[in-house]
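The file final-v3.cif contains mmCIF, C-alpha atoms and all ligand atoms:
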data_protein
#
loop_
_atom_site.label_atom_id
_atom_site.label_comp_id
_atom_site.auth_asym_id
_atom_site.auth_seq_id
_atom_site.Cartn_x
_atom_site.Cartn_y
_atom_site.Cartn_z
CA MET A 1 189.58 70.27 155.96
CA SER A 2 191.47 69.26 159.15
CA ASP A 3 195.19 68.25 159.04
CA LYS A 4 194.30 64.79 160.34
CA HIS A 5 191.82 64.21 157.51
CA SER A 6 194.17 65.45 154.77
CA ASN A 7 196.98 63.20 156.19
CA GLN A 8 194.70 60.14 155.90
CA GLN A 9 194.02 60.99 152.20
CA SER A 10 197.70 61.48 151.26
CA ARG A 11 199.36 58.93 148.94
CA TYR A 12 202.52 59.03 151.06
CA THR A 13 202.82 56.54 153.90
CA GLY A 14 204.69 59.10 155.96
CA ASP A 15 201.77 61.55 155.76
CA ARG A 16 199.38 58.78 156.83
CA LEU A 17 201.50 58.29 159.98
CA ILE A 18 202.23 54.63 159.21
CA PRO A 19 204.97 53.42 161.62
CA GLY A 20 208.39 52.79 160.01
CA SER A 21 207.56 54.65 156.79
CA PHE A 22 210.22 56.23 154.59
CA ALA A 23 210.04 59.65 153.01
CA GLY A 24 208.41 59.47 149.57
CA GLU A 25 207.10 55.92 150.10
CA THR A 26 203.60 55.34 148.65
CA VAL A 27 203.07 51.58 149.32
CA THR A 28 203.63 50.00 152.71
CA ARG A 29 206.24 47.25 152.81
CA ARG A 30 203.63 44.81 154.08
CA LYS A 31 201.39 45.43 151.05
CA PHE A 32 204.37 45.27 148.70
CA MET A 33 205.54 41.91 150.14
CA SER A 34 202.08 40.33 150.14
CA GLY A 35 201.47 41.52 146.55
CA THR A 36 204.81 40.05 145.44
CA ALA A 37 204.09 36.75 147.19
CA GLN A 38 200.62 36.51 145.60
CA THR A 39 201.97 37.25 142.11
CA ALA A 40 204.70 34.62 142.51
CA GLY A 41 202.07 32.12 143.72
CA ALA A 42 199.82 32.85 140.74
CA ILE A 43 202.72 32.36 138.28
CA ALA A 44 203.70 29.07 139.96
CA ALA A 45 200.09 27.81 139.89
CA ALA A 46 199.73 28.75 136.20
CA GLY A 47 202.92 26.78 135.51
CA PHE A 48 201.21 23.48 136.26
CA THR A 49 197.50 24.22 135.67
CA LEU A 50 197.82 25.63 132.13
CA PRO A 51 199.63 22.57 130.66
CA ALA A 52 197.12 20.28 132.43
CA LEU A 53 194.16 22.21 130.99
CA GLY A 54 195.75 22.18 127.55
CA PHE A 55 196.26 18.42 127.77
CA ALA A 56 192.65 17.85 128.91
CA PHE A 57 190.84 20.16 126.52
CA GLY A 58 193.20 20.45 123.54
CA PRO A 59 191.91 17.30 121.80
CA VAL A 60 188.34 18.66 121.99
CA PHE A 61 189.28 21.27 119.40
CA HIS A 62 191.39 18.94 117.29
CA GLU A 63 189.17 17.62 114.53
CA VAL A 64 189.99 14.15 113.20
CA PRO A 65 188.97 13.33 109.61
CA HIS A 66 186.48 10.46 109.34
CA HIS A 67 187.94 7.21 108.15
CA TRP A 68 185.96 4.18 106.93
CA SER A 69 187.56 0.73 106.91
CA PRO A 70 186.27 -2.24 104.89
CA ALA A 71 185.14 -5.16 107.09
CA GLY A 72 183.97 -7.60 104.41
CA PRO A 73 181.00 -8.48 102.20
CA PRO A 74 177.52 -8.51 103.86
CA GLU A 75 177.21 -12.31 103.62
CA MET A 76 180.13 -12.64 106.05
CA PHE A 77 177.89 -11.52 108.91
CA ASN A 78 174.71 -12.84 110.54
CA GLU A 79 172.30 -11.66 113.22
CA ASP A 80 173.21 -14.12 115.94
CA ASN A 81 176.95 -14.08 116.28
CA TYR A 82 179.81 -11.62 116.18
CA VAL A 83 182.64 -11.92 113.67
CA PRO A 84 186.02 -10.59 114.88
CA ILE A 85 187.59 -8.24 112.34
CA VAL A 86 190.90 -6.39 112.51
CA ILE A 87 190.53 -3.00 110.89
CA THR A 88 192.59 0.15 110.51
CA LEU A 89 191.32 2.65 113.03
CA THR A 90 194.04 5.26 112.55
CA PRO A 91 195.50 5.33 109.05
CA GLY A 92 199.17 6.06 108.43
CA VAL A 93 200.63 4.62 111.65
CA GLY A 94 201.00 0.97 110.65
CA GLU A 95 200.16 -1.85 113.07
CA VAL A 96 199.68 0.56 115.98
CA GLY A 97 196.66 2.01 114.20
CA LYS A 98 194.89 -1.35 113.93
CA GLY A 99 192.21 -2.59 116.31
CA LEU A 100 189.87 -5.51 116.84
CA VAL A 101 186.15 -4.98 116.23
CA TYR A 102 183.26 -7.45 116.64
CA VAL A 103 180.68 -7.14 113.88
CA ARG A 104 177.23 -8.70 113.37
CA LYS A 105 174.12 -7.91 111.40
CA HIS A 106 171.46 -5.75 113.03
CA ASN A 107 168.98 -8.02 114.86
CA PRO A 108 165.56 -6.39 115.41
CA LYS A 109 164.82 -8.86 118.26
CA ILE A 110 167.65 -7.58 120.47
CA ASP A 111 168.63 -4.26 118.90
CA THR A 112 165.45 -2.59 120.05
CA ASP A 113 167.08 0.65 121.06
CA PRO A 114 165.82 3.56 118.91
CA PHE A 115 169.43 4.64 118.29
CA ASP A 116 170.13 1.29 116.59
CA LYS A 117 166.99 1.21 114.42
CA ASN A 118 168.69 2.45 111.25
CA THR A 119 172.04 0.82 111.84
CA PRO A 120 172.57 -2.01 109.31
CA TYR A 121 175.38 -3.66 111.25
CA ILE A 122 176.43 -3.54 114.89
CA ALA A 123 180.18 -3.05 115.36
CA ILE A 124 181.49 -3.27 118.91
CA SER A 125 185.01 -2.29 119.95
CA ALA A 126 187.10 -5.04 121.55
CA ARG A 127 188.83 -2.52 123.82
CA CYS A 128 187.65 -3.00 127.40
CA VAL A 129 186.47 0.31 128.83
CA HIS A 130 188.07 -0.41 132.21
CA LEU A 131 191.79 -0.20 131.32
CA GLY A 132 191.87 -1.08 127.64
CA CYS A 133 192.63 -4.84 127.41
CA ASP A 134 191.06 -6.66 124.45
CA VAL A 135 187.82 -8.46 125.34
CA ARG A 136 186.92 -11.83 123.79
CA TRP A 137 183.48 -12.77 122.47
CA VAL A 138 182.37 -16.08 124.04
CA SER A 139 179.58 -17.24 121.78
CA ALA A 140 178.36 -20.09 124.04
CA ALA A 141 177.81 -17.70 126.94
CA GLN A 142 176.74 -14.78 124.72
CA ARG A 143 179.16 -12.60 126.66
CA PHE A 144 182.21 -10.43 126.00
CA VAL A 145 184.81 -11.35 128.62
CA CYS A 146 187.88 -9.33 129.57
CA PRO A 147 190.90 -11.45 130.64
CA CYS A 148 192.49 -8.69 132.75
CA HIS A 149 190.13 -8.02 135.67
CA GLY A 150 187.05 -10.11 134.89
CA GLY A 151 184.97 -7.41 133.22
CA THR A 152 181.97 -9.03 131.52
CA TYR A 153 179.53 -7.53 129.01
CA ASN A 154 176.30 -8.92 127.54
CA VAL A 155 175.52 -9.43 123.84
CA LEU A 156 174.87 -5.70 123.43
CA GLY A 157 178.18 -4.80 125.05
CA ILE A 158 176.53 -3.61 128.28
CA ARG A 159 178.54 -4.34 131.43
CA VAL A 160 177.10 -7.13 133.57
CA ALA A 161 180.04 -7.78 135.94
CA GLY A 162 183.44 -6.43 136.96
CA PRO A 163 184.95 -2.95 137.08
CA PRO A 164 184.21 -1.44 133.61
CA PRO A 165 182.35 1.86 134.12
CA ARG A 166 180.25 1.84 130.92
CA PRO A 167 179.31 -0.37 127.94
CA LEU A 168 181.81 -1.25 125.22
CA ASP A 169 182.32 1.44 122.60
CA ARG A 170 180.77 1.07 119.16
CA PHE A 171 181.45 2.15 115.58
CA PHE A 172 179.23 3.63 112.90
CA THR A 173 178.61 1.20 110.02
CA ARG A 174 177.47 1.47 106.42
CA VAL A 175 177.38 -0.63 103.25
CA THR A 176 179.18 0.78 100.22
CA ASN A 177 179.73 -1.09 96.94
CA ASN A 178 178.56 -4.33 98.55
CA LEU A 179 181.09 -3.98 101.35
CA VAL A 180 180.37 -3.45 105.05
CA GLU A 181 182.44 -0.53 106.28
CA ILE A 182 183.34 0.49 109.81
CA GLY A 183 183.42 4.21 110.52
CA PRO A 184 184.17 6.46 113.49
CA ARG A 185 184.03 5.19 117.06
CA PHE A 186 181.50 6.46 119.59
CA SER A 187 180.84 5.70 123.24
CA VAL A 188 177.50 4.78 124.81
CA ASN A 189 175.96 4.91 128.26
CA ASP A 190 173.95 2.14 129.92
CA GLU A 191 170.87 3.11 127.86
CA LEU A 192 172.98 2.90 124.69
CA ARG A 193 172.64 6.64 124.21
CA ARG A 194 175.46 7.82 121.96
CA PHE A 195 178.29 10.10 123.02
CA SER A 196 181.45 11.27 121.31
CA PRO A 197 184.35 8.87 121.97
CA ARG A 198 185.69 8.62 125.50
CA ASP A 199 188.77 6.93 126.96
CA PRO A 200 188.71 3.76 129.10
CA GLY A 201 187.84 4.39 132.73
CA GLU A 202 185.45 7.25 131.96
CA PRO A 203 181.83 6.65 132.99
CA LEU A 204 178.99 8.20 131.01
CA ASP A 205 176.05 7.74 133.34
CA GLY A 206 175.13 10.34 135.94
CA ILE A 207 177.55 13.23 136.16
CA GLY A 208 180.27 11.17 134.43
CA GLN A 209 179.21 12.54 131.05
CA TYR A 210 180.03 16.08 132.27
CA LEU A 211 183.21 15.21 134.16
CA TYR A 212 185.07 13.62 131.24
CA PRO A 213 185.51 15.64 128.05
CA SER A 214 185.43 13.98 124.69
CA ARG A 215 188.79 13.06 123.14
CA PRO A 216 187.94 12.54 119.47
CA SER A 217 191.61 12.59 118.45
CA ILE A 218 192.03 9.20 120.12
CA ARG A 219 190.38 6.50 118.05
CA ILE A 220 191.81 3.17 119.10
S1 LIG B 1 190.83 -4.03 131.58
FE1 LIG B 1 189.00 -5.14 131.33
S2 LIG B 1 188.28 -5.48 133.31
FE2 LIG B 1 190.10 -4.35 133.59
#
How would this structure read if it were set down as structure tokens?
Amino acid sequence: MSDKHSNQQSRYTGDRLIPGSFAGETVTRRKFMSGTAQTAGAIAAAGFTLPALGFAFGPVFHEVPHHWSPAGPPEMFNEDNYVPIVITLTPGVGEVGKGLVYVRKHNPKIDTDPFDKNTPYIAISARCVHLGCDVRWVSAAQRFVCPCHGGTYNVLGIRVAGPPPRPLDRFFTRVTNNLVEIGPRFSVNDELRRFSPRDPGEPLDGIGQYLYPSRPSIRI
């Protein structure tokens, strides 16, 4: 093997004839500095990306126990109009855990969606899915109207005007011991397909359903 070839294979920078090398040096200063800078950059990036990822995805793995709240006896509700009910959505936190829900009996004439076929009562969340103001049911217009930015939803809670990005959220319902009960919240897309609960401002049609992870730990 020639001297030139064996010098190129040596682990010492001096043997490889690298300008400015010191005796016994195995890594060039340029490589050492760029490696140090990249490691420092990676640590700095992890410092703000890891907490953000934890904040975004942590709730996905946090299971919330199901809670059912009594809404009233079945005769309180009819097929044609919503009754506003304040229920406890998150137990154990007092008034903060309460929320407004609009409830009516299932109406086969308008609740034609297959997902609603076996739902005895329709319970719609009053929280506007734009920024979270409480919507108001206007019976004469058969619309839910948001006072904040003019968001308007039809009788099924589907957006018909304004900035909300999806229909109003809904709740599971059941009848137990002659009492209508309101269960966990879920979100729906424009076809009323059900999704795990999302926050206001998160669309569910198109790629929106993939861009925004579920946050089941947030109920209100
Ligand atoms: S919060 Fe309802 S439209 Fe903005």
Skipping near chain neighbours, those fewer than 6 positions away, what residues fall within 6 Å of range 87-89 of chain A using all atoms listed in the file, listed as an MDAnalysis selection string? chainID A and resid 97:99
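Using all atoms listed in the file as the basis for the distance check, residues found within 8 Å of ligand LIG 1 (chain B) are A:Arg127, A:Cys128, A:Val129, A:His130, A:Leu131, A:Gly132, A:Cys133, A:Asp134, A:Val135, A:Val145, A:Cys146, A:Pro147, A:Cys148, A:His149, A:Gly150, A:Gly151, A:Thr152, A:Gly162, A:Pro163, A:Pro164.
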Tell me which protein, DNA and RNA residues are within 10 Å of Asn178 in chain A, counting all atoms listed in the file, leaving out same-chain ones fewer than 5 positions away, and put them as JSON, numbers by chain. {"A": [72, 73, 74, 75]}
Counting all atoms listed in the file, the option among A:Val188, A:Ala161, A:Ala42, A:Leu17 closest to Asp116 in chain A: A:Val188
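Between CA of Val93 in chain A and CA of Arg170 in chain A the interatomic distance comes to 21.5 Å.
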Which polymer residues, whether protein, DNA or RNA, lie within 12 Å of the coordinate (184.1, 6.4, 125.6) when you count all atoms listed in the file? List them as an mmCIF file with C-alpha atoms, in the frame of the given file, using the chain letters and numbers from the file.
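After the write, selection-v6.cif holds the following:
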data_model
loop_
_atom_site.group_PDB
_atom_site.id
_atom_site.type_symbol
_atom_site.label_atom_id
_atom_site.label_comp_id
_atom_site.auth_asym_id
_atom_site.auth_seq_id
_atom_site.Cartn_x
_atom_site.Cartn_y
_atom_site.Cartn_z
ATOM 1 C CA SER A 125 185.010 -2.290 119.950
ATOM 2 C CA ARG A 127 188.830 -2.520 123.820
ATOM 3 C CA CYS A 128 187.650 -3.000 127.400
ATOM 4 C CA VAL A 129 186.470 0.310 128.830
ATOM 5 C CA HIS A 130 188.070 -0.410 132.210
ATOM 6 C CA LEU A 131 191.790 -0.200 131.320
ATOM 7 C CA GLY A 132 191.870 -1.080 127.640
ATOM 8 C CA PRO A 164 184.210 -1.440 133.610
ATOM 9 C CA PRO A 165 182.350 1.860 134.120
ATOM 10 C CA ARG A 166 180.250 1.840 130.920
ATOM 11 C CA PRO A 167 179.310 -0.370 127.940
ATOM 12 C CA LEU A 168 181.810 -1.250 125.220
ATOM 13 C CA ASP A 169 182.320 1.440 122.600
ATOM 14 C CA ARG A 170 180.770 1.070 119.160
ATOM 15 C CA PHE A 171 181.450 2.150 115.580
ATOM 16 C CA ARG A 185 184.030 5.190 117.060
ATOM 17 C CA PHE A 186 181.500 6.460 119.590
ATOM 18 C CA SER A 187 180.840 5.700 123.240
ATOM 19 C CA VAL A 188 177.500 4.780 124.810
ATOM 20 C CA ASN A 189 175.960 4.910 128.260
ATOM 21 C CA ASP A 190 173.950 2.140 129.920
ATOM 22 C CA LEU A 192 172.980 2.900 124.690
ATOM 23 C CA ARG A 193 172.640 6.640 124.210
ATOM 24 C CA ARG A 194 175.460 7.820 121.960
ATOM 25 C CA PHE A 195 178.290 10.100 123.020
ATOM 26 C CA SER A 196 181.450 11.270 121.310
ATOM 27 C CA PRO A 197 184.350 8.870 121.970
ATOM 28 C CA ARG A 198 185.690 8.620 125.500
ATOM 29 C CA ASP A 199 188.770 6.930 126.960
ATOM 30 C CA PRO A 200 188.710 3.760 129.100
ATOM 31 C CA GLY A 201 187.840 4.390 132.730
ATOM 32 C CA GLU A 202 185.450 7.250 131.960
ATOM 33 C CA PRO A 203 181.830 6.650 132.990
ATOM 34 C CA LEU A 204 178.990 8.200 131.010
ATOM 35 C CA ASP A 205 176.050 7.740 133.340
ATOM 36 C CA GLY A 208 180.270 11.170 134.430
ATOM 37 C CA GLN A 209 179.210 12.540 131.050
ATOM 38 C CA TYR A 212 185.070 13.620 131.240
ATOM 39 C CA PRO A 213 185.510 15.640 128.050
ATOM 40 C CA SER A 214 185.430 13.980 124.690
ATOM 41 C CA ARG A 215 188.790 13.060 123.140
ATOM 42 C CA PRO A 216 187.940 12.540 119.470
ATOM 43 C CA ILE A 218 192.030 9.200 120.120
ATOM 44 C CA ARG A 219 190.380 6.500 118.050
ATOM 45 C CA ILE A 220 191.810 3.170 119.100
#
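Here CA of Ile124 in chain A and CA of Gly94 in chain A stand 21.6 Å from one another.
With only C-alpha atoms as the atoms that count, the minimum distance from Gly183 in chain A to the choices A:Gly92, A:Gly35, A:Pro70, A:Gly157 is reached by A:Pro70.
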Contacts of Tyr102 in chain A within 6 Å, all atoms listed in the file, excl. fewer than 2 positions in-chain, as a PyMOL selection string: chain A and resi 82-84+123-124
Given the choices A:Leu179, A:Ile85, A:Ala23, A:Ile207, which gets closest to Ala126 in chain A if the distance is worked out from only C-alpha atoms? A:Ile85
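The interatomic distance for the pair CA of Ile122 in chain A and CA of Val103 in chain A works out to 5.7 Å.
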Would you list the contacts of Pro184 in chain A as a PDB file with C-alpha atoms, in the frame of the given file, taking every protein, DNA or RNA residue within 7 Å and counting all atoms listed in the file, but skipping same-chain residues closer than 3 positions in sequence?
ATOM      1  CA  HIS A  66     186.480  10.460 109.340  1.00  0.00           C
ATOM      2  CA  HIS A  67     187.940   7.210 108.150  1.00  0.00           C
ATOM      3  CA  PHE A 171     181.450   2.150 115.580  1.00  0.00           C
ATOM      4  CA  PHE A 172     179.230   3.630 112.900  1.00  0.00           C
TER       5      PHE A 172
END
Of A:Glu191, A:Glu181, A:Asp113, A:Phe22, the one nearest to Arg159 in chain A when counting all atoms listed in the file is A:Glu191
